[in-house]
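See structure below.
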Amino acid sequence: MGRDIYVVNEDFDVVKRKLKWEKGKVGKDDLIALDYMNIGWYIIIPILFFLGIGLLVRKYVVKTDIVVIMFVFVGVVSSFYNVFKLIGWKR
């Protein structure tokens with residue numbers, strides 16, 4: 001039993017593929033597609049984590065808002081690092 005999905009290939013063209021889900025058999029391409037399903041979590045969790053740390057530091061240590069902006073920036077940088085590490089630059 002298969003299902004049609006749309007993927008972007010290396011030339012940035014959208015192509016139609018059929019996922020083949022046979023019992024006990026999963027193809028290599030299907031596993032690669034599953035790796036990228038959680039990419040949103042790889043982006044949002046570090047940003048929220050460092051935002052929380054920044055708010056705590058602002059509340060208890062330093063009373064300026066620049067601390068929160070700095071920690072959010074660190075969260076954004078770490079999010080992009082996580083995505084680059086997940087995708088892997090093979091070119």
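Letters for chains follow the order of the structure tokens (A, B, ...), residue numbers begin at 1 for each chain, and ligand numbers begin at 1 in the order shown.
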Neighbouring residues of Phe49 (chain A) were defined as those with any atom within 8 Å, considering only C-alpha atoms; residues of the same chain fewer than 4 positions away were excluded. Please report them as a VMD selection string.
chain A and resid 45 53 75
Near Val68 (chain A), counting only C-alpha atoms, which residues have an atom at most 12 Å away, once you skip same-chain residues fewer than 2 positions from it, shown as a count of residues only?
25
Residues near Pro46 (chain A), cut-off 8 Å, only C-alpha atoms, skip fewer than 6 positions along chain, as a VMD selection string
chain A and resid 75 to 76 78 to 79
Got time to write the residues from that selection, C-alpha atoms, as a CSV table (one decimal), in the first residue's frame?
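Result file follows (part.csv):
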chain,number,residue,atom,x,y,z
A,75,GLY,CA,19.0,30.4,21.1
A,76,VAL,CA,18.6,31.3,17.4
A,78,SER,CA,22.0,27.2,18.4
A,79,SER,CA,18.8,26.4,16.5
Using only C-alpha atoms, the shortest atom-to-atom distance to Trp41 (chain A) among A:Tyr60, A:Tyr6, A:Phe12, A:Phe80 belongs to A:Phe80
Excluding same-chain residues fewer than 5 positions from Lys18 (chain A), what lies within 9 Å of it counting only C-alpha atoms, as a ChimeraX atom specification?
/A:2-6
For Tyr42 (chain A), which residue among A:Ile87, A:Val8, A:Val67, A:Val15 is the nearest when counting only C-alpha atoms?
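Under the stated criterion, the closest residue is A:Ile87.
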